$ cat model.txt   # compact mmCIF, C-alpha atoms
# COMPACT_ATOMS: atom_id res chain seq x y z
CA MET A 1 -24.81 5.03 17.10
CA VAL A 2 -21.28 6.40 17.16
CA SER A 3 -20.00 7.52 13.78
CA GLY A 4 -16.91 5.81 12.43
CA LEU A 5 -15.30 9.21 11.93
CA GLY A 6 -16.90 11.73 14.24
CA THR A 7 -15.68 15.20 13.25
CA SER A 8 -15.80 16.48 16.81
CA ARG A 9 -13.70 13.60 18.11
CA LEU A 10 -11.37 13.63 15.12
CA PHE A 11 -10.22 17.22 15.62
CA LYS A 12 -10.44 17.20 19.40
CA PRO A 13 -6.62 17.43 19.85
CA PHE A 14 -6.55 20.71 17.90
CA ARG A 15 -8.96 22.39 20.33
CA ALA A 16 -6.18 22.48 22.86
CA ILE A 17 -2.98 22.96 20.90
CA ASN A 18 -0.34 23.06 23.56
CA ARG A 19 3.13 21.66 24.14
CA ARG A 20 1.81 18.49 25.79
CA ASN A 21 -0.55 17.66 22.91
CA ILE A 22 2.13 18.37 20.31
CA PHE A 23 4.58 16.05 22.06
CA LEU A 24 1.88 13.40 22.46
CA PHE A 25 1.04 13.57 18.74
CA MET A 26 4.73 13.30 17.80
CA ALA A 27 5.05 10.25 20.07
CA ILE A 28 2.04 8.54 18.48
CA LEU A 29 2.94 9.57 14.91
CA GLY A 30 4.01 6.67 12.74
CA PRO A 31 1.71 3.71 12.00
CA GLY A 32 -0.71 5.64 9.76
CA ILE A 33 1.90 7.54 7.74
CA ILE A 34 4.21 4.54 7.36
CA THR A 35 1.49 2.10 6.34
CA ALA A 36 -0.06 4.45 3.78
CA ASN A 37 3.27 5.43 2.22
CA VAL A 38 4.40 1.84 1.76
CA ASP A 39 1.48 1.68 -0.68
CA ASN A 40 3.76 3.54 -3.08
CA ASP A 41 6.15 0.61 -3.31
CA ALA A 42 7.85 -0.85 -6.40
CA GLY A 43 4.65 -2.54 -7.56
CA GLY A 44 2.63 0.58 -6.84
CA ILE A 45 5.03 2.91 -8.64
CA THR A 46 5.07 0.50 -11.59
CA THR A 47 1.26 0.46 -11.67
CA TYR A 48 1.02 4.27 -11.47
CA SER A 49 3.72 4.64 -14.13
CA LEU A 50 1.93 2.21 -16.47
CA ALA A 51 -1.38 3.99 -15.86
CA GLY A 52 0.10 7.36 -16.83
CA ALA A 53 2.21 6.04 -19.71
CA ASN A 54 -0.48 3.85 -21.28
CA TYR A 55 -3.68 5.79 -20.53
CA GLY A 56 -2.50 9.34 -19.90
CA LEU A 57 -4.65 11.16 -17.35
CA THR A 58 -7.78 9.07 -17.95
CA LEU A 59 -7.41 7.03 -14.74
CA LEU A 60 -6.61 9.98 -12.52
CA TRP A 61 -10.25 10.33 -11.42
CA THR A 62 -10.04 7.02 -9.54
CA MET A 63 -7.71 8.61 -6.98
CA ILE A 64 -10.33 10.64 -5.10
CA PRO A 65 -12.82 7.81 -4.35
CA THR A 66 -9.88 5.48 -3.67
CA THR A 67 -8.48 7.95 -1.12
CA VAL A 68 -11.83 8.18 0.66
CA ALA A 69 -12.02 4.39 0.80
CA LEU A 70 -8.39 4.19 1.97
CA VAL A 71 -9.04 6.60 4.86
CA VAL A 72 -12.10 4.62 5.94
CA VAL A 73 -10.39 1.22 5.74
CA GLN A 74 -7.19 2.32 7.50
CA GLU A 75 -9.10 4.17 10.21
CA MET A 76 -11.17 1.07 10.89
CA CYS A 77 -8.05 -1.05 11.40
CA ALA A 78 -6.34 1.50 13.61
CA ARG A 79 -9.53 1.85 15.67
CA MET A 80 -9.84 -1.92 16.13
CA GLY A 81 -6.20 -2.10 17.23
CA ALA A 82 -6.57 0.72 19.77
CA ILE A 83 -9.88 -0.51 21.22
CA THR A 84 -9.21 -4.27 21.33
CA GLY A 85 -5.43 -4.31 21.75
CA LYS A 86 -5.29 -7.16 19.20
CA GLY A 87 -4.16 -7.56 15.61
CA LEU A 88 -6.56 -8.23 12.73
CA ALA A 89 -5.47 -11.83 12.20
CA ASP A 90 -5.88 -12.46 15.93
CA LEU A 91 -9.46 -11.15 15.82
CA ILE A 92 -10.30 -13.19 12.70
CA ARG A 93 -9.06 -16.37 14.42
CA GLU A 94 -11.01 -15.67 17.60
CA SER A 95 -14.24 -14.73 15.80
CA PHE A 96 -14.28 -17.06 12.77
CA GLY A 97 -12.18 -20.03 13.82
CA VAL A 98 -8.80 -21.55 12.97
CA LYS A 99 -9.92 -23.18 9.68
CA VAL A 100 -11.09 -19.90 8.11
CA THR A 101 -7.98 -18.15 9.42
CA PHE A 102 -5.72 -20.81 7.91
CA TYR A 103 -7.12 -20.34 4.39
CA VAL A 104 -6.96 -16.55 4.70
CA MET A 105 -3.34 -16.79 5.81
CA ILE A 106 -2.40 -19.03 2.85
CA ALA A 107 -4.00 -16.65 0.34
CA LEU A 108 -2.30 -13.65 1.91
CA LEU A 109 1.06 -15.41 2.13
CA LEU A 110 1.05 -16.14 -1.60
CA THR A 111 -0.09 -12.61 -2.44
CA ASN A 112 2.47 -10.99 -0.17
CA LEU A 113 5.28 -13.18 -1.47
CA GLY A 114 4.60 -11.81 -4.94
CA ASN A 115 4.59 -8.30 -3.50
CA SER A 116 7.89 -8.88 -1.65
CA ILE A 117 9.51 -10.21 -4.82
CA SER A 118 8.41 -7.04 -6.61
CA GLU A 119 10.18 -4.90 -3.98
CA PHE A 120 13.53 -6.58 -4.56
CA ALA A 121 12.89 -6.34 -8.30
CA GLY A 122 12.43 -2.60 -7.77
CA ILE A 123 15.71 -2.38 -5.84
CA ALA A 124 17.53 -4.23 -8.63
CA ALA A 125 15.97 -2.20 -11.45
CA SER A 126 16.47 1.21 -9.82
CA LEU A 127 20.15 0.65 -8.96
CA GLU A 128 20.88 -0.80 -12.40
CA LEU A 129 20.05 2.69 -13.70
CA PHE A 130 23.01 3.89 -11.63
CA GLY A 131 25.24 1.14 -13.01
CA ILE A 132 25.02 -1.26 -10.03
CA SER A 133 24.44 -4.94 -10.83
CA LYS A 134 21.51 -6.72 -9.21
CA TYR A 135 23.93 -9.45 -8.10
CA LEU A 136 25.45 -6.86 -5.76
CA SER A 137 22.48 -4.61 -4.93
CA VAL A 138 19.96 -7.32 -4.01
CA PRO A 139 22.16 -9.32 -1.56
CA VAL A 140 23.40 -6.11 0.13
CA ALA A 141 19.87 -4.64 0.37
CA SER A 142 18.42 -7.88 1.76
CA LEU A 143 21.16 -8.00 4.41
CA LEU A 144 20.52 -4.37 5.39
CA VAL A 145 16.78 -5.04 5.67
CA TRP A 146 17.36 -8.11 7.82
CA LEU A 147 19.81 -6.33 10.14
CA LEU A 148 17.54 -3.31 10.57
CA ILE A 149 14.53 -5.38 11.65
CA VAL A 150 16.23 -8.16 13.59
CA LYS A 151 18.87 -6.08 15.36
CA GLY A 152 17.13 -2.69 15.60
CA SER A 153 14.64 -1.58 18.25
CA TYR A 154 11.06 -0.65 17.36
CA ARG A 155 11.74 3.06 17.93
CA THR A 156 14.82 2.98 15.68
CA VAL A 157 13.01 1.09 12.94
CA GLU A 158 10.07 3.50 13.04
CA LYS A 159 12.35 6.57 12.81
CA VAL A 160 14.10 5.08 9.76
CA PHE A 161 10.71 4.43 8.14
CA LEU A 162 9.49 7.99 8.81
CA VAL A 163 12.64 9.43 7.17
CA ALA A 164 12.02 7.14 4.17
CA CYS A 165 8.54 8.69 3.83
CA LEU A 166 10.10 12.11 3.21
CA VAL A 167 11.99 10.84 0.15
CA TYR A 168 8.67 10.48 -1.71
CA LEU A 169 8.88 14.25 -2.29
CA ALA A 170 11.10 13.30 -5.25
CA TYR A 171 7.99 12.45 -7.29
CA PRO A 172 6.17 15.81 -6.99
CA ILE A 173 9.42 17.52 -8.00
CA ALA A 174 9.79 15.21 -11.02
CA ALA A 175 6.18 15.90 -12.01
CA PHE A 176 6.66 19.68 -11.92
CA MET A 177 9.79 19.30 -14.02
CA ALA A 178 7.67 17.47 -16.62
CA ALA A 179 5.62 20.69 -17.02
CA PRO A 180 2.14 19.15 -17.47
CA GLN A 181 -1.00 21.10 -18.37
CA TRP A 182 -2.32 21.56 -14.85
CA GLY A 183 -5.77 22.54 -16.06
CA GLU A 184 -6.11 19.18 -17.79
CA VAL A 185 -4.79 17.45 -14.67
CA MET A 186 -7.44 19.09 -12.48
CA LYS A 187 -10.19 18.21 -14.95
CA ALA A 188 -9.07 14.57 -15.23
CA THR A 189 -9.00 14.32 -11.45
CA VAL A 190 -12.72 15.14 -11.07
CA VAL A 191 -14.26 13.99 -14.40
CA PRO A 192 -14.56 10.17 -14.70
CA THR A 193 -13.50 8.42 -17.91
CA PHE A 194 -14.57 4.83 -18.65
CA ARG A 195 -13.23 2.22 -21.05
CA SER A 196 -14.36 -1.39 -21.38
CA ASP A 197 -11.17 -3.21 -22.44
CA SER A 198 -9.56 -5.64 -20.00
CA GLY A 199 -6.24 -3.78 -19.99
CA TYR A 200 -7.89 -0.60 -18.75
CA LEU A 201 -9.92 -2.53 -16.18
CA MET A 202 -6.86 -4.47 -14.99
CA THR A 203 -4.99 -1.21 -14.53
CA MET A 204 -7.94 0.27 -12.63
CA ILE A 205 -8.08 -2.76 -10.32
CA GLY A 206 -4.31 -2.55 -9.96
CA LEU A 207 -4.55 1.11 -8.92
CA VAL A 208 -7.10 0.30 -6.22
CA GLY A 209 -5.29 -2.91 -5.27
CA THR A 210 -1.97 -1.14 -4.75
CA THR A 211 -3.56 1.80 -2.92
CA ILE A 212 -5.72 -0.34 -0.60
CA ALA A 213 -3.66 -3.53 -0.35
CA PRO A 214 -4.80 -6.43 1.88
CA TRP A 215 -1.50 -6.60 3.79
CA MET A 216 -1.89 -2.99 4.91
CA GLN A 217 -4.83 -3.74 7.15
CA PHE A 218 -2.87 -6.34 9.09
CA TYR A 219 0.28 -4.24 9.42
CA GLN A 220 -1.62 -1.07 10.39
CA GLN A 221 -3.52 -2.77 13.18
CA SER A 222 -0.47 -4.69 14.43
CA ALA A 223 1.64 -1.51 14.46
CA VAL A 224 -1.00 0.31 16.52
CA VAL A 225 -1.09 -2.59 18.99
CA GLU A 226 2.69 -2.88 19.23
CA LYS A 227 3.05 0.84 19.82
CA GLY A 228 0.61 0.52 22.72
CA ILE A 229 -1.85 3.17 21.53
CA THR A 230 -4.82 3.39 23.90
CA PRO A 231 -8.43 4.49 23.24
CA GLU A 232 -7.64 7.76 25.03
CA GLN A 233 -4.80 8.51 22.59
CA TYR A 234 -6.70 7.41 19.53
CA SER A 235 -7.81 10.85 18.32
CA PHE A 236 -4.16 11.60 17.52
CA THR A 237 -3.76 8.31 15.66
CA ARG A 238 -6.75 9.17 13.47
CA ILE A 239 -4.96 12.31 12.32
CA ASP A 240 -1.85 10.22 11.64
CA VAL A 241 -3.92 7.85 9.49
CA ILE A 242 -5.68 10.58 7.50
CA PHE A 243 -2.48 12.55 6.88
CA GLY A 244 -0.71 9.40 5.67
CA CYS A 245 -3.54 8.48 3.29
CA ILE A 246 -3.64 11.93 1.73
CA MET A 247 0.15 12.01 1.40
CA THR A 248 0.29 8.66 -0.41
CA THR A 249 -2.45 9.68 -2.85
CA VAL A 250 -0.76 12.98 -3.67
CA VAL A 251 2.47 11.13 -4.47
CA ALA A 252 0.58 8.62 -6.65
CA ILE A 253 -1.11 11.44 -8.58
CA PHE A 254 2.24 13.07 -9.31
CA ILE A 255 3.68 9.78 -10.61
CA VAL A 256 0.74 9.37 -13.01
CA VAL A 257 1.02 13.02 -14.10
CA ALA A 258 4.79 12.81 -14.69
CA CYS A 259 4.40 9.76 -16.96
CA ALA A 260 1.27 11.06 -18.71
CA ALA A 261 2.84 14.44 -19.53
CA THR A 262 5.96 12.88 -21.01
CA ILE A 263 5.90 9.20 -21.94
CA ASN A 264 2.24 9.03 -22.99
CA LEU A 265 2.46 12.33 -24.83
CA GLN A 266 5.39 11.00 -26.87
CA GLY A 267 3.63 7.69 -27.57
CA LEU A 268 6.39 5.66 -25.90
CA LYS A 269 5.87 2.24 -24.33
CA ILE A 270 7.25 1.12 -20.98
CA GLU A 271 6.93 -2.02 -18.89
CA THR A 272 8.40 -1.02 -15.52
CA ALA A 273 8.94 1.99 -13.28
CA ALA A 274 12.64 1.76 -14.14
CA ASP A 275 11.70 2.10 -17.82
CA ALA A 276 9.76 5.22 -16.86
CA ALA A 277 12.78 6.72 -15.10
CA ASN A 278 14.92 5.94 -18.14
CA ALA A 279 12.35 7.35 -20.56
CA LEU A 280 12.19 10.63 -18.64
CA ARG A 281 15.87 11.40 -19.22
CA PRO A 282 15.67 12.58 -22.86
CA LEU A 283 12.22 14.13 -22.32
CA VAL A 284 12.65 16.26 -19.21
CA GLY A 285 16.32 15.95 -18.30
CA HIS A 286 18.78 14.01 -16.19
CA TYR A 287 17.67 15.40 -12.82
CA ALA A 288 14.03 14.36 -13.15
CA SER A 289 15.09 10.90 -14.30
CA THR A 290 17.49 10.56 -11.34
CA LEU A 291 14.80 11.70 -8.88
CA PHE A 292 12.34 9.16 -10.30
CA ALA A 293 14.93 6.35 -10.08
CA PHE A 294 16.01 7.30 -6.56
CA GLY A 295 12.38 7.45 -5.46
CA LEU A 296 11.88 3.94 -6.83
CA PHE A 297 14.90 2.66 -4.89
CA ASN A 298 13.73 4.27 -1.65
CA ALA A 299 10.18 2.95 -2.06
CA SER A 300 11.40 -0.55 -2.88
CA LEU A 301 13.82 -0.74 0.06
CA PHE A 302 11.19 0.75 2.40
CA ALA A 303 8.55 -1.78 1.35
CA ALA A 304 11.08 -4.66 1.37
CA CYS A 305 11.19 -4.08 5.13
CA ILE A 306 7.46 -3.65 5.73
CA LEU A 307 5.94 -6.40 3.55
CA PRO A 308 7.85 -9.33 5.13
CA ILE A 309 7.09 -7.85 8.57
CA SER A 310 3.37 -7.60 7.80
CA THR A 311 3.36 -11.20 6.54
CA ALA A 312 5.11 -12.43 9.68
CA PHE A 313 2.71 -10.37 11.81
CA TYR A 314 -0.53 -11.79 10.43
CA ILE A 315 0.65 -15.40 10.21
CA CYS A 316 1.93 -15.37 13.79
CA GLU A 317 -1.22 -13.66 15.05
CA GLY A 318 -3.40 -16.08 13.09
CA MET A 319 -1.57 -19.07 14.55
CA GLY A 320 -1.38 -17.64 18.07
CA TRP A 321 2.43 -17.23 18.07
CA GLU A 322 4.42 -14.39 19.62
CA SER A 323 5.17 -11.52 17.24
CA GLY A 324 6.63 -8.02 17.23
CA VAL A 325 9.67 -6.03 16.12
CA ALA A 326 10.29 -5.07 19.76
CA LYS A 327 10.95 -8.74 20.61
CA ASP A 328 14.01 -10.84 19.72
CA PHE A 329 14.61 -14.28 18.19
CA GLN A 330 14.26 -16.04 21.55
CA GLU A 331 10.96 -14.35 22.41
CA ALA A 332 9.37 -14.64 18.93
CA PRO A 333 11.27 -17.27 16.91
CA GLN A 334 8.45 -17.99 14.43
CA PHE A 335 8.02 -14.27 13.71
CA PHE A 336 11.68 -13.66 12.90
CA TRP A 337 12.16 -16.95 11.02
CA LEU A 338 9.18 -16.15 8.78
CA PHE A 339 10.58 -12.67 8.17
CA THR A 340 14.00 -14.16 7.32
CA ILE A 341 12.65 -16.87 5.00
CA ILE A 342 10.48 -14.41 3.05
CA ILE A 343 13.48 -12.13 2.47
CA ILE A 344 15.68 -15.03 1.34
CA VAL A 345 13.04 -16.41 -1.06
CA SER A 346 12.09 -12.99 -2.47
CA ALA A 347 15.65 -11.80 -2.96
CA GLY A 348 16.78 -15.20 -4.27
CA LEU A 349 14.14 -15.31 -7.02
CA ILE A 350 15.28 -11.91 -8.30
CA LEU A 351 18.71 -13.37 -8.97
CA VAL A 352 17.29 -16.14 -11.17
CA PRO A 353 18.10 -15.34 -14.83
CA ASN A 354 15.11 -14.44 -17.05
CA ALA A 355 12.61 -14.48 -14.16
CA PRO A 356 9.30 -12.85 -15.32
CA LEU A 357 9.64 -9.90 -12.92
CA ILE A 358 7.36 -7.55 -14.83
CA LYS A 359 4.43 -9.97 -14.74
CA ILE A 360 5.04 -10.71 -11.06
CA MET A 361 5.09 -7.01 -10.13
CA PHE A 362 1.94 -6.04 -12.04
CA LEU A 363 -0.11 -9.18 -11.35
CA SER A 364 0.65 -8.96 -7.63
CA GLN A 365 -1.19 -5.62 -7.59
CA VAL A 366 -4.15 -7.07 -9.52
CA VAL A 367 -4.32 -10.01 -7.07
CA ASN A 368 -4.31 -7.48 -4.22
CA GLY A 369 -7.45 -5.95 -5.71
CA ALA A 370 -9.12 -9.34 -6.08
CA VAL A 371 -8.32 -10.50 -2.51
CA LEU A 372 -9.22 -7.17 -0.89
CA PRO A 373 -13.04 -7.64 -0.77
CA PHE A 374 -12.73 -10.78 1.35
CA ILE A 375 -10.52 -9.02 3.91
CA LEU A 376 -12.88 -6.04 4.01
CA ILE A 377 -15.85 -8.32 4.67
CA PHE A 378 -14.09 -9.78 7.72
CA MET A 379 -13.23 -6.26 8.88
CA GLN A 380 -16.81 -5.06 8.49
CA LEU A 381 -18.18 -7.93 10.54
CA LEU A 382 -15.59 -7.33 13.28
CA ILE A 383 -15.84 -3.54 13.45
CA ASN A 384 -19.65 -3.71 13.77
CA ASP A 385 -19.56 -6.30 16.57
CA ARG A 386 -20.70 -4.38 19.66
CA SER A 387 -19.46 -7.11 22.00
CA LEU A 388 -15.99 -6.44 20.57
CA MET A 389 -16.00 -2.69 19.87
CA GLY A 390 -18.64 -1.35 22.24
CA ARG A 391 -19.65 2.21 21.29
CA HIS A 392 -16.80 2.38 18.77
CA VAL A 393 -18.64 0.45 16.04
CA ASN A 394 -18.95 1.97 12.56
CA GLY A 395 -21.51 4.64 11.84
CA PRO A 396 -23.76 4.65 8.73
CA LEU A 397 -21.31 6.70 6.62
CA PHE A 398 -18.35 4.42 7.21
CA ASN A 399 -20.44 1.30 6.65
CA THR A 400 -21.74 2.68 3.36
CA ILE A 401 -18.27 3.55 2.04
CA ALA A 402 -16.78 0.23 3.17
CA TRP A 403 -19.53 -1.88 1.57
CA LEU A 404 -19.37 0.19 -1.63
CA THR A 405 -15.64 -0.56 -1.78
CA VAL A 406 -16.32 -4.29 -1.42
CA VAL A 407 -19.02 -4.31 -4.11
CA THR A 408 -16.96 -2.17 -6.49
CA MET A 409 -13.90 -4.44 -6.28
CA ILE A 410 -16.02 -7.57 -6.79
CA VAL A 411 -17.73 -6.07 -9.86
CA LEU A 412 -14.45 -4.84 -11.38
CA THR A 413 -12.80 -8.22 -10.86
CA LEU A 414 -15.73 -10.10 -12.44
CA VAL A 415 -15.84 -7.73 -15.41
CA MET A 416 -12.09 -8.06 -15.95
CA THR A 417 -12.26 -11.87 -15.76
CA PHE A 418 -15.21 -11.99 -18.17
CA ASP A 419 -13.39 -9.80 -20.68
CA MET A 420 -10.23 -11.91 -20.44
CA VAL A 421 -12.23 -15.11 -21.11
CA LEU A 422 -14.32 -13.54 -23.89
CA PRO A 423 -12.17 -10.71 -25.32
CA GLY A 424 -14.13 -7.82 -26.77
CA ARG A 425 -17.49 -9.16 -25.62
CA ILE A 426 -18.05 -6.34 -23.10
CA ALA A 427 -17.30 -3.73 -25.74
CA GLN A 428 -19.87 -5.36 -28.00
CA LEU A 429 -22.48 -5.37 -25.24
CA LEU A 430 -21.83 -1.68 -24.62
CA GLY A 431 -22.06 -0.94 -28.33
CA GLN A 432 -18.44 0.21 -28.61
$ encode --input "model.txt" --output "structure tokens"
Amino acid sequence: MVSGLGTSRLFKPFRAINRRNIFLFMAILGPGIITANVDNDAGGITTYSLAGANYGLTLLWTMIPTTVALVVVQEMCARMGAITGKGLADLIRESFGVKVTFYVMIALLLTNLGNSISEFAGIAASLELFGISKYLSVPVASLLVWLLIVKGSYRTVEKVFLVACLVYLAYPIAAFMAAPQWGEVMKATVVPTFRSDSGYLMTMIGLVGTTIAPWMQFYQQSAVVEKGITPEQYSFTRIDVIFGCIMTTVVAIFIVVACAATINLQGLKIETAADAANALRPLVGHYASTLFAFGLFNASLFAACILPISTAFYICEGMGWESGVAKDFQEAPQFFWLFTIIIIVSAGLILVPNAPLIKIMFLSQVVNGAVLPFILIFMQLLINDRSLMGRHVNGPLFNTIAWLTVVTMIVLTLVMTFDMVLPGRIAQLLGQ
């Protein structure tokens, strides 16, 4: 059986580091890094900020197993895209039928709509810290997003996204400016800490849900297909995927550390990532606060492009319609109309006075965690289908990690639901 991540095949490109291989890697670079980094969107940054502010470093240990799971899940999607030449929604429809696909698409549409709303909420909140009203920032940002995707070519769009990935360096800088106790950070990263209250469990599910979001699997696979990556080129794409996953986790860790070393240490309470940026100003200075706020704006605008695209991708693939950023309105009308409608609805709701944006942003991440197991089950069945994948099916290690991720998310979701229905009951059962 071929391993899902054969070490020899993974690092094959590095055995012959020459100009041709470097240029080939640079040409293929993109889908893995972009998909993983969009994880750190407005909802994600809010979740990481809340985790650090409310629970200090106690949830930091979840990052290592989550990163391993993220690498496995993203690699599986990229591999399916390269081997089959089809998107994930397309494969689900062909293998499990239109009825199953329809219900999956509805669930994902509702989840992604909440995620898209959170991105425009992040744009509004971050620019309000610079004195710009949401009634100006949101319409302008939504127009820029629409023009970039509808009028730009795939190569242009991808270059813009890759530049946006570099801006995430603002968070490591902000974390170092917060001057945390790095010994405690290292210890918290490797020593698990458990609590039984629903708030802690919801935050844990939110961390996993925002790091391994359901939409990512569809966008990752569709991006690999649209870029035309072949099985022969796939070893380079694997490196792209792994590098992107590690990069997004490092950024997430620094966000948690920055908030834990400042906001949590001072016993302050926040509700959003914008609150975190504001709270940092008197604690570690204007520059760290500005970096945090600018990082939030970049992440929100970045994800406001990707999330509507991913939604349009999987719905069009699921329904058998034409899709792709490289096409135009005439070639893929459903794809671009879906993209346009999602932007209008998401941006429009942000402008509604007193909209419960905080609840939408946080709950969208929790819903991601609850929906994720179902998507992973479909992926596992597809990736292990030899008639579909041939010798590129999962190996024992990848299957073990993927199924452990499914079981873990189901258990965490059930425990959280039980504790919300019967508050304090789990703590009693555990003798706490």
$ atom_distance --input "model.txt" --atom1 "CA of Leu169 in chain A" --atom2 "CA of Thr58 in chain A"
23.4 Å
$ closest_residue --input "model.txt" --among "A:Val251, A:Met389, A:Leu113, A:Ala260" --to "Gly52 in chain A" --atoms "only C-alpha atoms"
A:Ala260
$ atom_distance --input "model.txt" --atom1 "CA of Ala299 in chain A" --atom2 "CA of Val140 in chain A"
16.2 Å
$ residues_around --input "model.txt" --residues "Ala288 in chain A" --least-positions-apart "3" --cutoff "9 Å" --atoms "all atoms listed in the file" --output "list in words"
Ala170, Tyr171, Ile173, Ala174, Ala175, Met177, Ala178, Ala277, Leu280, Arg281, Val284, Gly285, Leu291, Phe292 and Ala293 of chain A
$ atom_distance --input "model.txt" --atom1 "CA of Ile315 in chain A" --atom2 "CA of Val345 in chain A"
16.8 Å
$ closest_residue --input "model.txt" --among "A:Val208, A:Val325, A:Ile383, A:Leu404" --to "Cys305 in chain A" --atoms "all atoms listed in the file"
A:Val325
$ closest_residue --input "model.txt" --among "A:Cys259, A:Ala276, A:Ile375, A:Ile205" --to "Val411 in chain A" --atoms "all atoms listed in the file"
A:Ile205
$ build_atoms --input "model.txt" --residues "range 229-243 of chain A" --atoms "N, CA and C atoms" --output "PDB file, keeping the file's coordinate frame"
ATOM      1  N   ILE A 229      -0.926   2.034  21.599  1.00  0.00           N
ATOM      2  CA  ILE A 229      -1.850   3.170  21.530  1.00  0.00           C
ATOM      3  C   ILE A 229      -3.162   2.797  22.218  1.00  0.00           C
ATOM      4  N   THR A 230      -3.623   3.652  23.104  1.00  0.00           N
ATOM      5  CA  THR A 230      -4.820   3.390  23.900  1.00  0.00           C
ATOM      6  C   THR A 230      -6.019   4.128  23.299  1.00  0.00           C
ATOM      7  N   PRO A 231      -7.248   3.766  23.715  1.00  0.00           N
ATOM      8  CA  PRO A 231      -8.430   4.490  23.240  1.00  0.00           C
ATOM      9  C   PRO A 231      -8.365   5.985  23.538  1.00  0.00           C
ATOM     10  N   GLU A 232      -7.740   6.353  24.661  1.00  0.00           N
ATOM     11  CA  GLU A 232      -7.640   7.760  25.030  1.00  0.00           C
ATOM     12  C   GLU A 232      -6.725   8.536  24.070  1.00  0.00           C
ATOM     13  N   GLN A 233      -5.742   7.860  23.511  1.00  0.00           N
ATOM     14  CA  GLN A 233      -4.800   8.510  22.590  1.00  0.00           C
ATOM     15  C   GLN A 233      -5.253   8.433  21.139  1.00  0.00           C
ATOM     16  N   TYR A 234      -6.360   7.772  20.897  1.00  0.00           N
ATOM     17  CA  TYR A 234      -6.700   7.410  19.530  1.00  0.00           C
ATOM     18  C   TYR A 234      -7.022   8.592  18.614  1.00  0.00           C
ATOM     19  N   SER A 235      -7.495   9.706  19.173  1.00  0.00           N
ATOM     20  CA  SER A 235      -7.810  10.850  18.320  1.00  0.00           C
ATOM     21  C   SER A 235      -6.581  11.341  17.576  1.00  0.00           C
ATOM     22  N   PHE A 236      -5.402  11.214  18.190  1.00  0.00           N
ATOM     23  CA  PHE A 236      -4.160  11.600  17.520  1.00  0.00           C
ATOM     24  C   PHE A 236      -3.820  10.597  16.414  1.00  0.00           C
ATOM     25  N   THR A 237      -4.061   9.336  16.661  1.00  0.00           N
ATOM     26  CA  THR A 237      -3.760   8.310  15.660  1.00  0.00           C
ATOM     27  C   THR A 237      -4.635   8.478  14.431  1.00  0.00           C
ATOM     28  N   ARG A 238      -5.870   8.914  14.623  1.00  0.00           N
ATOM     29  CA  ARG A 238      -6.750   9.170  13.470  1.00  0.00           C
ATOM     30  C   ARG A 238      -6.141  10.216  12.540  1.00  0.00           C
ATOM     31  N   ILE A 239      -5.583  11.257  13.123  1.00  0.00           N
ATOM     32  CA  ILE A 239      -4.960  12.310  12.320  1.00  0.00           C
ATOM     33  C   ILE A 239      -3.754  11.733  11.573  1.00  0.00           C
ATOM     34  N   ASP A 240      -2.990  10.908  12.257  1.00  0.00           N
ATOM     35  CA  ASP A 240      -1.850  10.220  11.640  1.00  0.00           C
ATOM     36  C   ASP A 240      -2.295   9.412  10.431  1.00  0.00           C
ATOM     37  N   VAL A 241      -3.391   8.680  10.573  1.00  0.00           N
ATOM     38  CA  VAL A 241      -3.920   7.850   9.490  1.00  0.00           C
ATOM     39  C   VAL A 241      -4.364   8.706   8.302  1.00  0.00           C
ATOM     40  N   ILE A 242      -5.146   9.742   8.573  1.00  0.00           N
ATOM     41  CA  ILE A 242      -5.680  10.580   7.500  1.00  0.00           C
ATOM     42  C   ILE A 242      -4.564  11.313   6.760  1.00  0.00           C
ATOM     43  N   PHE A 243      -3.612  11.857   7.501  1.00  0.00           N
ATOM     44  CA  PHE A 243      -2.480  12.550   6.880  1.00  0.00           C
ATOM     45  C   PHE A 243      -1.696  11.598   5.980  1.00  0.00           C
TER      46      PHE A 243
END
